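Okay, coords_14.cif now, which holds mmCIF, C-alpha atoms:
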```cif
data_my_file
#
loop_
_atom_site.label_atom_id
_atom_site.label_comp_id
_atom_site.auth_asym_id
_atom_site.auth_seq_id
_atom_site.Cartn_x
_atom_site.Cartn_y
_atom_site.Cartn_z
CA MET A 1 0.00 0.00 0.00
CA SER A 2 1.32 3.40 -0.96
CA ASP A 3 2.17 6.04 1.56
CA SER A 4 -0.57 8.30 0.13
CA MET A 5 -3.28 5.66 0.66
CA ILE A 6 -2.11 5.05 4.21
CA ALA A 7 -2.25 8.79 4.86
CA MET A 8 -5.77 9.02 3.40
CA ARG A 9 -7.04 6.17 5.59
CA ALA A 10 -5.44 7.70 8.65
CA ALA A 11 -7.08 11.03 7.87
CA ARG A 12 -10.46 9.36 7.44
CA GLY A 13 -10.02 7.56 10.73
CA MET A 14 -9.16 10.76 12.51
CA SER A 15 -12.17 12.51 10.96
CA HIS A 16 -14.43 9.66 12.06
CA CYS A 17 -13.09 9.81 15.61
CA PHE A 18 -13.46 13.58 15.65
CA PHE A 19 -17.07 13.27 14.50
CA ILE A 20 -17.82 10.74 17.24
CA VAL A 21 -16.23 12.98 19.89
CA ILE A 22 -18.26 15.99 18.71
CA LEU A 23 -21.44 13.91 18.65
CA LEU A 24 -20.85 12.64 22.19
CA LEU A 25 -20.11 16.13 23.46
CA THR A 26 -23.23 17.52 21.79
CA CYS A 27 -25.44 14.75 23.14
CA GLY A 28 -23.95 15.18 26.59
CA ALA A 29 -24.57 18.91 26.59
CA LEU A 30 -28.14 18.39 25.36
CA ALA A 31 -28.82 15.78 28.01
CA GLN A 32 -27.46 18.09 30.69
CA LYS A 33 -29.62 20.94 29.41
CA LEU A 34 -32.73 18.78 29.47
CA SER A 35 -32.07 17.20 32.85
CA PRO A 36 -34.52 18.16 35.63
CA GLN A 37 -31.85 20.09 37.53
CA ASN A 38 -30.82 22.26 34.60
CA GLN A 39 -34.03 22.43 32.59
CA ASP A 40 -35.98 24.07 35.42
CA HIS A 41 -33.71 26.17 37.61
CA ARG A 42 -36.30 27.45 40.04
CA VAL A 43 -37.52 26.92 43.58
CA ARG A 44 -40.18 24.21 43.45
CA ASN A 45 -41.89 24.63 46.85
CA ILE A 46 -44.35 27.42 47.59
CA VAL A 47 -45.85 28.08 51.04
CA LEU A 48 -48.87 30.40 51.18
CA VAL A 49 -49.91 32.25 54.35
CA HIS A 50 -53.28 34.00 54.60
CA GLY A 51 -54.02 37.19 56.49
CA ALA A 52 -56.44 38.25 59.22
CA TRP A 53 -60.18 37.70 58.81
CA ALA A 54 -59.60 35.02 56.18
CA ASP A 55 -58.46 31.44 55.78
CA GLY A 56 -56.43 29.40 53.33
CA SER A 57 -59.31 28.76 50.92
CA GLY A 58 -58.85 32.22 49.44
CA TRP A 59 -55.64 30.98 47.81
CA LYS A 60 -57.52 28.44 45.63
CA GLY A 61 -57.15 30.38 42.36
CA VAL A 62 -53.44 31.01 42.95
CA TYR A 63 -52.95 27.42 44.08
CA ASP A 64 -54.53 26.02 40.91
CA ILE A 65 -52.23 28.06 38.66
CA LEU A 66 -49.08 27.19 40.57
CA VAL A 67 -49.87 23.47 40.70
CA LYS A 68 -50.63 23.44 36.98
CA ASP A 69 -47.22 25.05 36.40
CA GLY A 70 -45.48 22.28 38.30
CA TYR A 71 -45.01 23.72 41.79
CA ASN A 72 -45.45 21.95 45.10
CA VAL A 73 -47.83 24.22 47.03
CA SER A 74 -48.66 24.15 50.74
CA ILE A 75 -51.16 26.41 52.49
CA VAL A 76 -50.81 27.39 56.12
CA GLN A 77 -54.01 27.59 58.16
CA GLU A 78 -53.08 29.96 60.96
CA PRO A 79 -55.35 29.74 64.02
CA GLU A 80 -55.10 33.53 64.56
CA THR A 81 -55.29 32.90 68.30
CA SER A 82 -51.92 34.56 68.86
CA PHE A 83 -49.05 35.83 66.74
CA GLU A 84 -46.80 33.16 68.24
CA ASP A 85 -49.30 30.45 67.27
CA ASP A 86 -49.45 31.76 63.70
CA VAL A 87 -45.66 31.88 63.38
CA ALA A 88 -45.44 28.35 64.81
CA ALA A 89 -48.07 27.09 62.37
CA THR A 90 -46.05 28.56 59.48
CA LYS A 91 -42.77 27.06 60.69
CA ARG A 92 -44.52 23.71 61.04
CA VAL A 93 -45.42 23.72 57.34
CA LEU A 94 -41.96 24.99 56.37
CA ALA A 95 -40.43 22.03 58.17
CA GLN A 96 -42.40 19.68 55.90
CA GLN A 97 -40.81 21.01 52.70
CA ASP A 98 -38.30 18.80 50.90
CA GLY A 99 -36.10 21.67 49.73
CA PRO A 100 -35.91 25.46 49.42
CA CYS A 101 -39.20 27.33 49.24
CA ILE A 102 -40.79 30.66 48.49
CA LEU A 103 -42.79 31.96 51.46
CA VAL A 104 -45.80 34.11 50.57
CA GLY A 105 -47.93 36.23 52.89
CA HIS A 106 -51.07 38.31 52.42
CA SER A 107 -51.98 41.24 54.69
CA TYR A 108 -51.31 40.30 58.34
CA GLY A 109 -49.65 37.19 56.90
CA GLY A 110 -46.84 39.51 55.83
CA ALA A 111 -45.92 40.08 59.47
CA VAL A 112 -46.13 36.33 60.06
CA ILE A 113 -43.74 35.43 57.22
CA THR A 114 -41.41 38.26 58.26
CA GLU A 115 -40.96 36.55 61.64
CA ALA A 116 -41.21 32.94 60.46
CA GLY A 117 -39.09 33.15 57.31
CA ALA A 118 -35.54 33.52 58.65
CA GLY A 119 -34.77 29.79 58.36
CA SER A 120 -32.39 28.44 55.73
CA SER A 121 -35.16 26.67 53.79
CA VAL A 122 -36.73 30.00 52.77
CA ALA A 123 -35.16 31.26 49.55
CA GLY A 124 -37.36 34.33 49.11
CA LEU A 125 -40.39 36.17 50.44
CA VAL A 126 -43.42 37.46 48.53
CA TYR A 127 -45.70 40.05 50.10
CA ILE A 128 -49.20 40.33 48.63
CA ALA A 129 -50.82 43.60 49.78
CA ALA A 130 -49.08 42.84 53.04
CA HIS A 131 -47.42 44.31 56.08
CA MET A 132 -43.63 44.13 56.24
CA PRO A 133 -42.48 45.38 59.66
CA ASP A 134 -38.86 45.75 60.67
CA ALA A 135 -37.26 44.63 63.94
CA GLY A 136 -38.93 46.34 66.90
CA GLU A 137 -41.97 47.33 64.81
CA ASN A 138 -45.53 46.07 64.65
CA GLU A 139 -48.08 46.43 61.88
CA ALA A 140 -50.49 48.52 63.97
CA ASP A 141 -47.91 51.28 64.40
CA ASP A 142 -46.64 50.96 60.83
CA GLY A 143 -50.20 51.45 59.62
CA LYS A 144 -50.23 54.91 61.18
CA ARG A 145 -47.56 56.06 58.70
CA PHE A 146 -50.18 55.93 55.95
CA PRO A 147 -53.62 55.39 57.51
CA SER A 148 -56.02 53.25 55.51
CA ASP A 149 -59.70 53.84 54.84
CA LEU A 150 -60.45 50.86 57.04
CA SER A 151 -58.55 52.32 59.99
CA LYS A 152 -60.67 55.46 59.75
CA SER A 153 -63.94 53.54 59.59
CA SER A 154 -66.18 51.80 62.10
CA ALA A 155 -65.89 48.44 60.33
CA ILE A 156 -63.47 46.79 62.76
CA LYS A 157 -65.33 45.22 65.67
CA LYS A 158 -64.10 43.36 68.74
CA THR A 159 -65.57 40.53 70.76
CA ALA A 160 -65.77 40.55 74.54
CA ASP A 161 -62.77 38.20 74.75
CA GLY A 162 -60.51 40.36 72.56
CA PHE A 163 -60.87 39.04 69.02
CA ALA A 164 -61.20 41.44 66.11
CA TYR A 165 -63.40 40.97 63.06
CA LEU A 166 -64.83 42.98 60.19
CA ASP A 167 -68.47 43.98 60.25
CA PRO A 168 -70.03 41.65 57.65
CA ALA A 169 -72.12 44.54 56.35
CA GLN A 170 -68.91 46.47 55.51
CA PHE A 171 -66.67 43.57 54.52
CA HIS A 172 -67.33 43.95 50.80
CA GLU A 173 -66.54 47.68 50.85
CA TYR A 174 -63.26 47.56 52.75
CA PHE A 175 -61.85 44.08 52.08
CA ALA A 176 -63.12 42.78 48.76
CA ALA A 177 -64.61 45.55 46.63
CA ASP A 178 -63.57 43.91 43.34
CA LEU A 179 -65.33 40.63 44.14
CA SER A 180 -69.02 39.94 43.67
CA ALA A 181 -71.35 40.80 46.52
CA GLU A 182 -72.14 37.09 46.89
CA GLN A 183 -68.50 36.02 47.17
CA ALA A 184 -67.69 38.86 49.58
CA ALA A 185 -70.69 37.91 51.71
CA PHE A 186 -69.48 34.32 51.99
CA MET A 187 -65.98 35.49 52.94
CA ALA A 188 -67.46 37.85 55.52
CA ARG A 189 -69.53 35.09 57.12
CA SER A 190 -66.65 32.61 57.10
CA GLN A 191 -63.95 35.00 58.28
CA VAL A 192 -61.56 33.82 61.00
CA LEU A 193 -61.62 36.16 63.97
CA ASN A 194 -58.14 37.43 64.77
CA LYS A 195 -56.81 38.06 68.27
CA ALA A 196 -56.66 41.87 68.36
CA ASP A 197 -53.26 41.87 70.05
CA ASN A 198 -51.78 40.11 67.00
CA PHE A 199 -51.66 43.43 65.18
CA LYS A 200 -49.35 44.75 67.88
CA ALA A 201 -46.94 41.80 67.85
CA VAL A 202 -43.36 43.07 67.65
CA ILE A 203 -41.03 41.61 65.05
CA THR A 204 -37.71 40.32 66.39
CA THR A 205 -35.89 38.93 63.33
CA PRO A 206 -37.21 40.34 60.04
CA ALA A 207 -36.53 37.77 57.33
CA TRP A 208 -36.61 40.34 54.53
CA ARG A 209 -33.40 41.84 55.91
CA THR A 210 -31.49 38.77 54.72
CA LYS A 211 -33.75 37.33 51.99
CA PRO A 212 -34.76 38.68 48.57
CA SER A 213 -38.32 39.97 48.60
CA TRP A 214 -41.15 40.83 46.25
CA MET A 215 -44.19 43.06 46.88
CA LEU A 216 -47.51 43.21 45.05
CA VAL A 217 -49.28 46.52 45.66
CA ALA A 218 -53.07 46.45 45.40
CA GLY A 219 -53.85 49.79 43.78
CA SER A 220 -57.28 50.28 45.38
CA ASP A 221 -56.57 48.61 48.71
CA ARG A 222 -58.73 50.10 51.47
CA ALA A 223 -57.54 47.82 54.29
CA ILE A 224 -53.83 48.68 53.94
CA ASN A 225 -52.97 51.97 52.30
CA PRO A 226 -51.25 51.28 48.95
CA ASP A 227 -48.74 54.01 49.84
CA LEU A 228 -47.70 51.97 52.88
CA GLU A 229 -47.21 48.91 50.66
CA ARG A 230 -45.04 51.02 48.34
CA TRP A 231 -43.11 52.41 51.31
CA TYR A 232 -42.47 48.91 52.64
CA SER A 233 -41.17 47.72 49.26
CA THR A 234 -38.90 50.75 48.86
CA ARG A 235 -37.41 50.30 52.32
CA ALA A 236 -36.75 46.61 51.73
CA ASN A 237 -35.55 47.15 48.16
CA SER A 238 -38.19 44.65 47.07
CA HIS A 239 -39.07 43.80 43.50
CA LYS A 240 -42.44 45.53 43.16
CA VAL A 241 -45.47 45.20 40.90
CA GLU A 242 -48.82 46.99 41.14
CA VAL A 243 -52.27 45.79 40.18
CA SER A 244 -54.34 48.83 39.37
CA GLY A 245 -57.86 48.84 40.80
CA ALA A 246 -57.28 45.76 42.95
CA SER A 247 -58.84 45.52 46.38
CA HIS A 248 -57.24 44.11 49.50
CA ALA A 249 -58.53 40.70 48.34
CA VAL A 250 -56.24 40.87 45.30
CA TYR A 251 -55.05 37.30 45.91
CA VAL A 252 -58.64 36.18 45.25
CA SER A 253 -59.62 38.65 42.52
CA HIS A 254 -56.36 38.60 40.52
CA PRO A 255 -54.87 35.11 40.92
CA LYS A 256 -52.98 35.28 37.59
CA GLU A 257 -51.03 38.40 38.58
CA VAL A 258 -50.34 37.04 42.07
CA ALA A 259 -49.19 33.66 40.75
CA ALA A 260 -46.98 35.38 38.15
CA LEU A 261 -45.14 37.33 40.86
CA ILE A 262 -44.67 34.20 42.95
CA GLU A 263 -43.26 32.36 39.92
CA GLU A 264 -40.94 35.28 39.23
CA ALA A 265 -39.64 34.97 42.79
CA ALA A 266 -39.23 31.21 42.38
CA SER A 267 -37.11 31.77 39.26
CA HIS A 268 -34.85 34.48 40.71
CA ALA A 269 -34.48 33.71 44.43
CA TRP A 270 -31.39 31.49 44.04
#
```
Would you write the structure of this file as structure tokens?
Amino acid sequence: MSDSMIAMRAARGMSHCFFIVILLLTCGALAQKLSPQNQDHRVRNIVLVHGAWADGSGWKGVYDILVKDGYNVSIVQEPETSFEDDVAATKRVLAQQDGPCILVGHSYGGAVITEAGAGSSVAGLVYIAAHMPDAGENEADDGKRFPSDLSKSSAIKKTADGFAYLDPAQFHEYFAADLSAEQAAFMARSQVLNKADNFKAVITTPAWRTKPSWMLVAGSDRAINPDLERWYSTRANSHKVEVSGASHAVYVSHPKEVAALIEEAASHAW
């Protein structure tokens, strides 16, 4: 065999080997890209915390969207008997998660997640028309910075044993103006009475000081002044979105916008 033929065969062999190497590298890179770890680089666990005068059922619309999008969603049912009980109930659900999670709070639930969310399993915090007190603060005093329509009204009532509730006749107006009268009436009649002292519970270790945070401002919120929600988000350097015309019950009336913000947090909290 001539030297030229030997050289040609050697060249072909090298080309064949090179092609195989490139093919293996390409397939390996594609497999890595499509693997569960790399295909979906986001926090998978979501924990939802409701606010005062409500329960976890209000999260149903948000829950449905998140589950459909592949998230593992848990809903805390706070007893609202004391702030400590509500924080403990939240930590109990956090302990059940199998990895990092996004902790979400609405209204008074914002104070709860601020106190409960300092643990290492919490990758980020999402505040939905919520309070966001700092260390040494409580939501009752923070509310005085920008008084709400509700705080100026006669809608907040108190039982003889110290539990606060919203007058059912005024619930629609101050809590859920962008829901139907029928839905607001059901929420009013099924509201969970909240220990009045809970609003004065002082935060000791604010989780948003060490965790990334997101805030959804309800543009027509009458229970918490939207300007207070904006002030909170500015102070915490939170990622902020606003839903124009939304009531305090924005998590019920605008589940798509709420779920979208939670998913944004899940994708960027690493």
List the neighbours of segment 105-109 of chain A out to 6 Å using all atoms listed in the file; skip same-chain residues closer than 4 positions along the sequence, and give me the result as a PyMOL selection string. chain A and resi 49-52+127-131
List, as a ChimeraX atom specification, every residue that the PyMOL selection byres ((chain A and resi 93) around 12) selects in the file provided. /A:45-49,73-78,86-92,94-98,101,103,113,116-117,121-122
What does the file look like for those residues with C-alpha atoms, as a PDB file, keeping the file's coordinate frame?
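Listing of result-v2.pdb after writing:
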```pdb
ATOM      1  CA  ASN A  45     -41.890  24.630  46.850  1.00  0.00           C
ATOM      2  CA  ILE A  46     -44.350  27.420  47.590  1.00  0.00           C
ATOM      3  CA  VAL A  47     -45.850  28.080  51.040  1.00  0.00           C
ATOM      4  CA  LEU A  48     -48.870  30.400  51.180  1.00  0.00           C
ATOM      5  CA  VAL A  49     -49.910  32.250  54.350  1.00  0.00           C
ATOM      6  CA  VAL A  73     -47.830  24.220  47.030  1.00  0.00           C
ATOM      7  CA  SER A  74     -48.660  24.150  50.740  1.00  0.00           C
ATOM      8  CA  ILE A  75     -51.160  26.410  52.490  1.00  0.00           C
ATOM      9  CA  VAL A  76     -50.810  27.390  56.120  1.00  0.00           C
ATOM     10  CA  GLN A  77     -54.010  27.590  58.160  1.00  0.00           C
ATOM     11  CA  GLU A  78     -53.080  29.960  60.960  1.00  0.00           C
ATOM     12  CA  ASP A  86     -49.450  31.760  63.700  1.00  0.00           C
ATOM     13  CA  VAL A  87     -45.660  31.880  63.380  1.00  0.00           C
ATOM     14  CA  ALA A  88     -45.440  28.350  64.810  1.00  0.00           C
ATOM     15  CA  ALA A  89     -48.070  27.090  62.370  1.00  0.00           C
ATOM     16  CA  THR A  90     -46.050  28.560  59.480  1.00  0.00           C
ATOM     17  CA  LYS A  91     -42.770  27.060  60.690  1.00  0.00           C
ATOM     18  CA  ARG A  92     -44.520  23.710  61.040  1.00  0.00           C
ATOM     19  CA  LEU A  94     -41.960  24.990  56.370  1.00  0.00           C
ATOM     20  CA  ALA A  95     -40.430  22.030  58.170  1.00  0.00           C
ATOM     21  CA  GLN A  96     -42.400  19.680  55.900  1.00  0.00           C
ATOM     22  CA  GLN A  97     -40.810  21.010  52.700  1.00  0.00           C
ATOM     23  CA  ASP A  98     -38.300  18.800  50.900  1.00  0.00           C
ATOM     24  CA  CYS A 101     -39.200  27.330  49.240  1.00  0.00           C
ATOM     25  CA  LEU A 103     -42.790  31.960  51.460  1.00  0.00           C
ATOM     26  CA  ILE A 113     -43.740  35.430  57.220  1.00  0.00           C
ATOM     27  CA  ALA A 116     -41.210  32.940  60.460  1.00  0.00           C
ATOM     28  CA  GLY A 117     -39.090  33.150  57.310  1.00  0.00           C
ATOM     29  CA  SER A 121     -35.160  26.670  53.790  1.00  0.00           C
ATOM     30  CA  VAL A 122     -36.730  30.000  52.770  1.00  0.00           C
TER      31      VAL A 122
END
```
What's the 6 Å shell around segment 240-253 of chain A, counting all atoms listed in the file, without same-chain residues fewer than 4 positions away, as a list in words? Gly58, Phe175, Ala176, Ala177, Asp178, Trp214, Met215, Leu216, Val217, Ala218, Gly219, Ser220 and Asp221 of chain A
Since we have the selection now, will you write its residues out, keeping C-alpha atoms, as a PDB file, in the frame of the given file?
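Wrote it out as selection_10.pdb, contents follow:
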```pdb
ATOM      1  CA  GLY A  58     -58.850  32.220  49.440  1.00  0.00           C
ATOM      2  CA  PHE A 175     -61.850  44.080  52.080  1.00  0.00           C
ATOM      3  CA  ALA A 176     -63.120  42.780  48.760  1.00  0.00           C
ATOM      4  CA  ALA A 177     -64.610  45.550  46.630  1.00  0.00           C
ATOM      5  CA  ASP A 178     -63.570  43.910  43.340  1.00  0.00           C
ATOM      6  CA  TRP A 214     -41.150  40.830  46.250  1.00  0.00           C
ATOM      7  CA  MET A 215     -44.190  43.060  46.880  1.00  0.00           C
ATOM      8  CA  LEU A 216     -47.510  43.210  45.050  1.00  0.00           C
ATOM      9  CA  VAL A 217     -49.280  46.520  45.660  1.00  0.00           C
ATOM     10  CA  ALA A 218     -53.070  46.450  45.400  1.00  0.00           C
ATOM     11  CA  GLY A 219     -53.850  49.790  43.780  1.00  0.00           C
ATOM     12  CA  SER A 220     -57.280  50.280  45.380  1.00  0.00           C
ATOM     13  CA  ASP A 221     -56.570  48.610  48.710  1.00  0.00           C
TER      14      ASP A 221
END
```
Atom CA of Tyr174 of chain A and atom CA of Val192 of chain A, how far apart in Å?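 Interatomic distance, atom CA of Val192 of chain A to atom CA of Tyr174 of chain A: 16.1 Å.
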(-45.8, 34.4, 69.1) in this file's frame - what residues fall within 10 Å of it? Use only C-alpha atoms and give the answer as a VMD selection string. chain A and resid 81 to 88 112 115 to 116 198 201 to 203
Please identify all polymer residues within 7 Å of Leu125 of chain A, counting all atoms listed in the file, omitting same-chain residues fewer than 3 positions from it, and present them as a PyMOL selection string. chain A and resi 102-104+208+211-214
